[in-house]
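Reading through the structure tokens given below for one structure.
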Amino acid sequence: MAAHIGRRLRKGAATTAVAAAAVAALSASQAPGATGEDHGRQATAGASTPVPEATADGSANATGNSPYYTDLPPLNSPNPSPSPTIGTPVSRGPAEAGIPATVLDAYKKAEAELRTSKPGCNLPWQLLAAIGKVESGHARGGRVDADGTTLGRILGPQLDGNGFALIKDTDHGEYDGNSQYDQAVGPMQFIPSTWAWAGRDGNGDGKADPNNVYDAALAAGHYLCRNDWDMSTQAGLHSAILSYNNSQDYLNLVLSWLEYYRKGTHSVPDGTGGVPSHRSDDGSKHHTKKPSDPPKTKPEPGKPGGGKDTPDPKPPKPPAPPTPSDTVDHLEDAGTGTTKLTAMAGDAFAQRISTRAESKAGAAVGKVRIRFTITGDTDATFVGGETVATIATDAKGVALAPALQAGEKTGTFKITTAVVGHQVKGVDYTATVTARAADTLARTSDTPLTCTPGGEFADQVQVKATYKGAVADKVAATATLIKSADDATENDKGPYFKDADGKVVRTLTDLRTDDKGLLTLPKLYADDTTGTFLLRITTTGGATLTVELKVAAADASASPSPSPSPSASS
């Protein structure tokens with residue numbers, strides 16, 4: 001497998017930090033004791049990396065050394081930074097940095113919980129994302145319900161010793177439906193014997209389910225953070241990953257995805273994420289699918305690396321008593337015109353989304369949890385910084401989402417709704433973030449702006465921008481010396497600015513007000529033309545201010561002008 005990775009890396013190693021990290025890891029995999037035939041499952045992983053003790057049957061780690069997806073991250077992200085934590089965001093797209101919204105939310109919530117319960121672990125959510133990508137392709141591209149439970153089981157092959165570890169049944173088929181041998185289960189591919197002690201309830205429903213991405217992500221985080229391992233150190237990070245699947249190739253692959261996700265990700269709607277296509281047991285590692293490749297046949301039952309949907313082999317259970325969510329037929333907008341929202345960059349949206357749960361007959365359904373999810377290429381969030389919020393409906397069947405906060409990125413995004421634990425028709429909301437704007441400009445001083453021919457104006461022009469009476473900060477503006485009040489084209493004589501090289505400039509672009517709404521223009525100079533001239537300042541949003549500038553010869557009878565003489569200015 002190392003040779004496969006090496007060929008891929010050499011194509012872009014000079015320009016990609018991911019490649020550099022993986023090459024370094026690969027050099028460790030070529031150390032004495034590592035061979036290609038056993039896929040790197042060694043007792044050592046380089047002199048500096050302690051490896052957890054493993055049993056022959058693989059039961060000492062999370063997955064039982066089950067197979068996994070081997071697709072590598074792209075190597076052509078634009079101008080990647082060599083820093084492991086800060087860099088230029090990677091190209092956006094569902095097959096690259098896109099992570100399904102509910103799955104991404106589960107990773108981030110697990111990180112937040114561990115930041116409190118195990119602060120010394122320093123677990124980044126991107127590590128959970130890297131493992132989730134390798135183990136199940138983020139739950140097969142986010143095929144989960146609104147509560148985070150996978151739509152169908154995700155099972156690895158049965159661990160019967162036939163090409164895999166031998167792990168006889170430990171859960172009586174409770175998790176994997178197999179009463180003879182264990183199988184890795186769920187989006188993070190836990191074997192039942194590990195889940196029995198590592199399982200966690202991550203979504204607050206009172207049970208720990210390996211098929212639920214919130215439960216599985218939190219369990220994976222606690223599993224990685226045991227033994228006081230610190231993810232901010234190489235030794236702790238490598239030991240934790242190898243304890244998940246004791247393979248040097250696996251370590252290298254997870255490190256590559258970890259580095260990739262650290263450079264930037266975004267959420268995509270559930271069920272639309274890309275699914276890897278190559279596994280560690282199919283002989284086609286690190287292959288990039290080409291348009292001409294023939295379509296693959298469906299995988300056989302029990303195939304690994306995220307597996308296929310498998311029916312529950314257990315006898316059907318008696319129907320559970322109906323819950324409020326079972327009576328919901330659809331969701332409706334409960335607000336007035338809230339399906340289309342608008343706010344300026346940096347502002348809170350004035351209206352809040354409210355959604356009503358209704359039965360088929362149109363009756364309100366209370367005590368139902370509704371999940372609101374922000375999707376699309378945006379940095380907008382709910383107040384508090386989250387992109388997913390779950391709110392219970394009141395007696396009138398209405399759930400009021402947290403206030404939306406616009407980021408700096410302009411454009412349109414969506415907020416989708418779903419009933420937790422029950423699939424019904426939802427309602428989508430469209431929100432638009434517009435550029436920061438001002439509707440009023442005013443000078444901060446009423447001092448006349450005068451100058452003698454060939455001199456410079458003593459005072460710089462400063463204006464304050466407001467929007468509906470409030471400070472308008474970070475608003476784009478343009479300043480132009482115009483020909484007349486009726487002719488806004490640039491004047492070719494009279495006052496002017498200077499650029500960095502001292503050349504004459506009569507139009508300034510890319511100006512922006514500061515955090516107090518103030519804009520101070522550079523110094524103004526005068527040529528030899530006398531008269532009254534106009535400076536026009538405009539902003540995004542339509543605010544306009546025209547300022548008079550007078551150039552006149554000095555009055556010999558008057559007190560000396562503060563403006564320097566032409567000879568002095570030269």
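Letters A, B, ... mark the chains of the structure tokens in the order given; residue numbers begin at 1 per chain; ligand numbers begin at 1, in order shown.
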What lies within 6 Å of Gly426 in chain A using only C-alpha atoms, ignoring chain neighbours under 2 positions off, as a PyMOL selection string?
chain A and resi 331+417-418
Would you output that residue set with C-alpha atoms, as a PDB file, in the first residue's frame?
ATOM      1  CA  LEU A 331     -44.021  20.959   8.740  1.00  0.00           C
ATOM      2  CA  THR A 417     -36.068  21.632   8.894  1.00  0.00           C
ATOM      3  CA  ALA A 418     -36.713  18.057   9.945  1.00  0.00           C
TER       4      ALA A 418
END
10 Å contact set for Ala220 in chain A, only C-alpha atoms, chain neighbours under 5 positions out, as an mmCIF file with C-alpha atoms, in the first residue's frame:
data_model
loop_
_atom_site.group_PDB
_atom_site.id
_atom_site.type_symbol
_atom_site.label_atom_id
_atom_site.label_comp_id
_atom_site.auth_asym_id
_atom_site.auth_seq_id
_atom_site.Cartn_x
_atom_site.Cartn_y
_atom_site.Cartn_z
ATOM 1 C CA ALA A 62 -12.048 -0.158 18.208
ATOM 2 C CA TYR A 107 -18.128 15.722 15.234
ATOM 3 C CA ALA A 110 -18.182 15.568 20.489
ATOM 4 C CA LEU A 127 -9.628 13.970 13.730
ATOM 5 C CA LEU A 128 -13.095 12.490 14.214
ATOM 6 C CA ILE A 131 -11.674 8.674 10.994
ATOM 7 C CA GLY A 132 -15.339 8.986 10.014
ATOM 8 C CA MET A 188 -17.356 4.894 13.312
ATOM 9 C CA GLN A 189 -17.170 1.079 12.860
ATOM 10 C CA PHE A 190 -16.980 -0.124 16.465
ATOM 11 C CA TRP A 195 -18.832 -0.603 22.104
ATOM 12 C CA ALA A 198 -16.842 2.659 25.010
ATOM 13 C CA GLY A 199 -20.407 3.465 23.863
ATOM 14 C CA ARG A 200 -21.823 6.890 24.754
ATOM 15 C CA TYR A 214 -23.815 11.557 17.656
ATOM 16 C CA ASP A 215 -23.343 8.530 19.918
ATOM 17 C CA CYS A 225 -8.672 10.236 24.632
ATOM 18 C CA TYR A 244 -8.392 2.520 16.561
#
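Straight-line separation from CA of Lys414 in chain A to CA of Glu386 in chain A: 14.5 Å.
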How would you write, as a ChimeraX atom specification, the set of residues in range 113-333 of chain A that DSSP gives as strand (DSSP E)?
/A:153-154,266-268,309-310,330-333
Please produce, as a Markdown table, a per-residue contact table for range 386-482 of chain A versus range 146-156 of chain A (criterion: any atom at most 10 Å away, only C-alpha atoms considered), showing the nearest atom pair and its distance in Å to one decimal, sorted by chain then residue number.
| residue | atom | partner | partner_atom | distance |
| --- | --- | --- | --- | --- |
| A:Thr390 | CA | A:Asp147 | CA | 9.6 |
| A:Thr417 | CA | A:Ala146 | CA | 8.8 |
| A:Ala418 | CA | A:Ala146 | CA | 5.9 |
| A:Val419 | CA | A:Ala146 | CA | 6.3 |
| A:Val420 | CA | A:Ala146 | CA | 4.8 |
| A:Gly421 | CA | A:Asp147 | CA | 5.4 |
| A:His422 | CA | A:Ala146 | CA | 7.4 |
| A:Gln423 | CA | A:Ala146 | CA | 7.7 |
Select, from A:Ile353, A:Ala485, A:Ala389, A:Ala476, the residue with the minimum atom-to-atom distance to Ala435 in chain A, counting only C-alpha atoms.
A:Ala476
Could you list, as a list in words, every residue within 8 Å of range 167-174 of chain A, counting only C-alpha atoms and ignoring same-chain residues fewer than 2 positions away?
Asp57, Gly58, Ser59, Gly64, Leu159, Asp160, Gly161, Ala165, Asp176, Gly177, Asn178, Ser179, Gln180, Tyr181, Asp182, Pro192 and Ser193 of chain A
Please save N, CA, C and O atoms of the selected residues as a PDB file, in the first residue's frame.
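Written output follows (selection-v8.pdb):
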ATOM      1  N   ASP A  57      -6.451 -11.456  17.898  1.00  0.00           N
ATOM      2  CA  ASP A  57      -7.757 -11.399  17.228  1.00  0.00           C
ATOM      3  C   ASP A  57      -8.200  -9.981  16.905  1.00  0.00           C
ATOM      4  O   ASP A  57      -9.262  -9.768  16.340  1.00  0.00           O
ATOM      5  N   GLY A  58      -7.379  -8.993  17.258  1.00  0.00           N
ATOM      6  CA  GLY A  58      -7.716  -7.619  16.916  1.00  0.00           C
ATOM      7  C   GLY A  58      -8.715  -6.980  17.850  1.00  0.00           C
ATOM      8  O   GLY A  58      -9.115  -5.842  17.639  1.00  0.00           O
ATOM      9  N   SER A  59      -9.140  -7.668  18.896  1.00  0.00           N
ATOM     10  CA  SER A  59     -10.191  -7.132  19.764  1.00  0.00           C
ATOM     11  C   SER A  59      -9.694  -6.046  20.692  1.00  0.00           C
ATOM     12  O   SER A  59     -10.488  -5.461  21.421  1.00  0.00           O
ATOM     13  N   GLY A  64     -11.454  -3.842  15.475  1.00  0.00           N
ATOM     14  CA  GLY A  64     -11.031  -5.212  15.231  1.00  0.00           C
ATOM     15  C   GLY A  64     -10.167  -5.315  13.987  1.00  0.00           C
ATOM     16  O   GLY A  64     -10.099  -6.356  13.347  1.00  0.00           O
ATOM     17  N   LEU A 159     -16.075 -11.058  11.305  1.00  0.00           N
ATOM     18  CA  LEU A 159     -14.686 -11.319  11.691  1.00  0.00           C
ATOM     19  C   LEU A 159     -14.558 -12.786  12.073  1.00  0.00           C
ATOM     20  O   LEU A 159     -14.499 -13.163  13.256  1.00  0.00           O
ATOM     21  N   ASP A 160     -14.502 -13.620  11.022  1.00  0.00           N
ATOM     22  CA  ASP A 160     -14.504 -15.072  11.209  1.00  0.00           C
ATOM     23  C   ASP A 160     -13.139 -15.691  11.001  1.00  0.00           C
ATOM     24  O   ASP A 160     -13.005 -16.918  10.892  1.00  0.00           O
ATOM     25  N   GLY A 161     -12.085 -14.851  10.892  1.00  0.00           N
ATOM     26  CA  GLY A 161     -10.743 -15.359  10.685  1.00  0.00           C
ATOM     27  C   GLY A 161     -10.421 -15.661   9.246  1.00  0.00           C
ATOM     28  O   GLY A 161      -9.284 -16.003   8.922  1.00  0.00           O
ATOM     29  N   ALA A 165      -9.537 -10.693  11.251  1.00  0.00           N
ATOM     30  CA  ALA A 165      -9.363 -11.192  12.606  1.00  0.00           C
ATOM     31  C   ALA A 165     -10.491 -12.165  12.947  1.00  0.00           C
ATOM     32  O   ALA A 165     -11.563 -12.143  12.342  1.00  0.00           O
ATOM     33  N   ASP A 176     -24.875  -6.071  15.710  1.00  0.00           N
ATOM     34  CA  ASP A 176     -24.539  -6.397  14.321  1.00  0.00           C
ATOM     35  C   ASP A 176     -25.465  -7.428  13.698  1.00  0.00           C
ATOM     36  O   ASP A 176     -25.333  -7.757  12.522  1.00  0.00           O
ATOM     37  N   GLY A 177     -26.410  -7.987  14.492  1.00  0.00           N
ATOM     38  CA  GLY A 177     -27.334  -8.974  13.945  1.00  0.00           C
ATOM     39  C   GLY A 177     -26.690 -10.307  13.650  1.00  0.00           C
ATOM     40  O   GLY A 177     -27.290 -11.155  12.979  1.00  0.00           O
ATOM     41  N   ASN A 178     -25.485 -10.536  14.136  1.00  0.00           N
ATOM     42  CA  ASN A 178     -24.740 -11.768  13.868  1.00  0.00           C
ATOM     43  C   ASN A 178     -24.470 -12.468  15.194  1.00  0.00           C
ATOM     44  O   ASN A 178     -23.756 -11.930  16.045  1.00  0.00           O
ATOM     45  N   SER A 179     -25.040 -13.651  15.378  1.00  0.00           N
ATOM     46  CA  SER A 179     -24.883 -14.362  16.641  1.00  0.00           C
ATOM     47  C   SER A 179     -23.724 -15.349  16.621  1.00  0.00           C
ATOM     48  O   SER A 179     -23.522 -16.086  17.589  1.00  0.00           O
ATOM     49  N   GLN A 180     -22.933 -15.371  15.520  1.00  0.00           N
ATOM     50  CA  GLN A 180     -21.772 -16.254  15.448  1.00  0.00           C
ATOM     51  C   GLN A 180     -20.450 -15.484  15.570  1.00  0.00           C
ATOM     52  O   GLN A 180     -19.561 -15.893  16.306  1.00  0.00           O
ATOM     53  N   TYR A 181     -20.338 -14.394  14.819  1.00  0.00           N
ATOM     54  CA  TYR A 181     -19.113 -13.608  14.825  1.00  0.00           C
ATOM     55  C   TYR A 181     -19.465 -12.132  14.972  1.00  0.00           C
ATOM     56  O   TYR A 181     -20.561 -11.697  14.611  1.00  0.00           O
ATOM     57  N   ASP A 182     -18.515 -11.372  15.473  1.00  0.00           N
ATOM     58  CA  ASP A 182     -18.714  -9.927  15.569  1.00  0.00           C
ATOM     59  C   ASP A 182     -18.445  -9.266  14.224  1.00  0.00           C
ATOM     60  O   ASP A 182     -17.672  -9.770  13.398  1.00  0.00           O
ATOM     61  N   PRO A 192     -18.668  -4.811  18.534  1.00  0.00           N
ATOM     62  CA  PRO A 192     -19.553  -4.826  19.703  1.00  0.00           C
ATOM     63  C   PRO A 192     -18.830  -4.935  21.035  1.00  0.00           C
ATOM     64  O   PRO A 192     -19.250  -4.311  22.014  1.00  0.00           O
ATOM     65  N   SER A 193     -17.738  -5.726  21.106  1.00  0.00           N
ATOM     66  CA  SER A 193     -17.042  -5.880  22.381  1.00  0.00           C
ATOM     67  C   SER A 193     -16.432  -4.565  22.843  1.00  0.00           C
ATOM     68  O   SER A 193     -16.336  -4.313  24.049  1.00  0.00           O
TER      69      SER A 193
END
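The smallest atom-to-atom distance between Gly384 in chain A and any of A:Ala348, A:Ala554, A:Leu400, A:Val134, using only C-alpha atoms, is found for A:Ala348.
Residue nearest Met344 in chain A, chosen from A:Tyr496, A:Tyr525, A:Phe164, A:Tyr467 and counting only C-alpha atoms: A:Tyr467.
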So that I can see what lies close to Ala350 in chain A, please list as a ChimeraX atom specification the residues with an atom at most 10 Å from it, counting only C-alpha atoms and leaving out residues fewer than 4 positions away in the same chain.
/A:341-343,403-405
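Straight-line separation from CA of Ala380 in chain A to CA of Pro269 in chain A: 15.5 Å.
Coordinates place CA of Val424 in chain A at a distance of 14.1 Å from CA of Asp333 in chain A.
Shortest separation to Ala130 in chain A among A:His330, A:Arg262, A:Lys118, A:Arg443 occurs at residue A:Arg262, atoms counted being only C-alpha atoms.
The shell of residues at most 9 Å from Arg140 in chain A, with only C-alpha atoms counted and near chain neighbours (fewer than 2 positions) removed, consists of Lys133, Ser136, Gly137, His138, Gly142, Arg143, Val144, Thr150, Ile154, Pro187, Gly271, Gly273, Gly274, Val275, Pro276, Gly306, Gly307 and Lys308 of chain A.
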Please dump the current selection as a compact mmCIF listing (two decimals), in the first residue's frame; keep all heavy atoms.
# COMPACT_ATOMS: atom_id res chain seq x y z
N LYS A 133 -14.45 9.63 7.84
CA LYS A 133 -14.31 9.53 6.39
C LYS A 133 -13.75 8.17 6.00
O LYS A 133 -14.25 7.51 5.06
CB LYS A 133 -13.40 10.65 5.89
CG LYS A 133 -13.11 10.62 4.39
CD LYS A 133 -14.32 11.01 3.58
CE LYS A 133 -13.98 11.17 2.10
NZ LYS A 133 -15.14 11.60 1.31
N SER A 136 -16.42 5.12 7.22
CA SER A 136 -17.75 4.94 6.62
C SER A 136 -18.09 5.98 5.56
O SER A 136 -19.23 6.03 5.12
CB SER A 136 -18.82 4.99 7.72
OG SER A 136 -18.91 6.31 8.25
N GLY A 137 -17.12 6.83 5.16
CA GLY A 137 -17.46 7.89 4.22
C GLY A 137 -18.48 8.83 4.79
O GLY A 137 -19.41 9.26 4.11
N HIS A 138 -18.29 9.18 6.11
CA HIS A 138 -19.24 10.05 6.82
C HIS A 138 -20.66 9.49 6.74
O HIS A 138 -21.60 10.15 6.29
CB HIS A 138 -19.21 11.48 6.27
CG HIS A 138 -17.89 12.15 6.35
ND1 HIS A 138 -17.12 12.18 7.50
CD2 HIS A 138 -17.16 12.83 5.42
CE1 HIS A 138 -16.00 12.84 7.27
NE2 HIS A 138 -16.00 13.24 6.02
N GLY A 142 -23.68 10.89 4.60
CA GLY A 142 -24.68 11.55 5.43
C GLY A 142 -26.07 10.96 5.30
O GLY A 142 -27.06 11.67 5.47
N ARG A 143 -26.16 9.67 5.06
CA ARG A 143 -27.47 9.02 4.98
C ARG A 143 -27.94 8.70 6.40
O ARG A 143 -27.86 7.58 6.88
CB ARG A 143 -27.41 7.77 4.12
CG ARG A 143 -27.11 8.07 2.65
CD ARG A 143 -27.39 6.88 1.74
NE ARG A 143 -28.81 6.52 1.75
CZ ARG A 143 -29.28 5.31 2.06
NH1 ARG A 143 -28.44 4.35 2.39
NH2 ARG A 143 -30.58 5.08 2.05
N VAL A 144 -28.39 9.74 7.07
CA VAL A 144 -28.87 9.64 8.44
C VAL A 144 -30.21 10.36 8.56
O VAL A 144 -30.53 11.22 7.74
CB VAL A 144 -27.86 10.26 9.44
CG1 VAL A 144 -26.54 9.51 9.43
CG2 VAL A 144 -27.62 11.75 9.14
N THR A 150 -28.27 6.20 11.32
CA THR A 150 -28.06 5.82 9.92
C THR A 150 -29.30 5.17 9.34
O THR A 150 -30.03 4.46 10.03
CB THR A 150 -26.87 4.86 9.78
OG1 THR A 150 -27.12 3.68 10.56
CG2 THR A 150 -25.59 5.51 10.25
N ILE A 154 -24.68 0.03 8.94
CA ILE A 154 -23.38 0.04 8.26
C ILE A 154 -22.54 -1.03 8.94
O ILE A 154 -22.17 -0.88 10.11
CB ILE A 154 -22.70 1.41 8.37
CG1 ILE A 154 -23.57 2.51 7.79
CG2 ILE A 154 -21.35 1.38 7.67
CD1 ILE A 154 -23.02 3.90 7.98
N PRO A 187 -21.30 4.27 11.86
CA PRO A 187 -20.47 5.24 11.12
C PRO A 187 -19.02 5.31 11.59
O PRO A 187 -18.16 5.73 10.84
CB PRO A 187 -21.19 6.58 11.35
CG PRO A 187 -22.05 6.36 12.55
CD PRO A 187 -22.44 4.93 12.54
N GLY A 271 -27.09 13.32 3.10
CA GLY A 271 -27.39 12.43 1.98
C GLY A 271 -26.77 12.83 0.67
O GLY A 271 -26.90 12.10 -0.32
N GLY A 273 -23.36 13.89 0.44
CA GLY A 273 -21.90 13.80 0.50
C GLY A 273 -21.38 12.70 -0.42
O GLY A 273 -22.08 11.73 -0.73
N GLY A 274 -20.14 12.86 -0.84
CA GLY A 274 -19.52 11.84 -1.67
C GLY A 274 -19.17 10.61 -0.85
O GLY A 274 -18.84 10.70 0.33
N VAL A 275 -19.24 9.45 -1.46
CA VAL A 275 -18.91 8.19 -0.77
C VAL A 275 -17.67 7.59 -1.42
O VAL A 275 -17.63 7.42 -2.63
CB VAL A 275 -20.08 7.20 -0.85
CG1 VAL A 275 -19.75 5.92 -0.10
CG2 VAL A 275 -21.35 7.82 -0.30
N PRO A 276 -16.62 7.28 -0.65
CA PRO A 276 -15.43 6.65 -1.22
C PRO A 276 -15.79 5.33 -1.89
O PRO A 276 -16.83 4.73 -1.61
CB PRO A 276 -14.51 6.44 0.00
CG PRO A 276 -15.01 7.39 1.03
CD PRO A 276 -16.49 7.49 0.81
N GLY A 306 -17.57 1.00 5.57
CA GLY A 306 -18.81 1.74 5.45
C GLY A 306 -19.91 0.85 4.93
O GLY A 306 -21.08 1.15 5.07
N GLY A 307 -19.53 -0.28 4.32
CA GLY A 307 -20.48 -1.32 3.98
C GLY A 307 -21.65 -0.87 3.14
O GLY A 307 -21.66 0.17 2.53
N LYS A 308 -22.65 -1.68 3.12
CA LYS A 308 -23.88 -1.36 2.41
C LYS A 308 -25.04 -1.40 3.39
O LYS A 308 -24.91 -1.87 4.52
CB LYS A 308 -24.11 -2.36 1.28
CG LYS A 308 -24.25 -3.80 1.76
CD LYS A 308 -24.73 -4.72 0.67
CE LYS A 308 -26.19 -4.55 0.41
NZ LYS A 308 -26.73 -5.46 -0.59
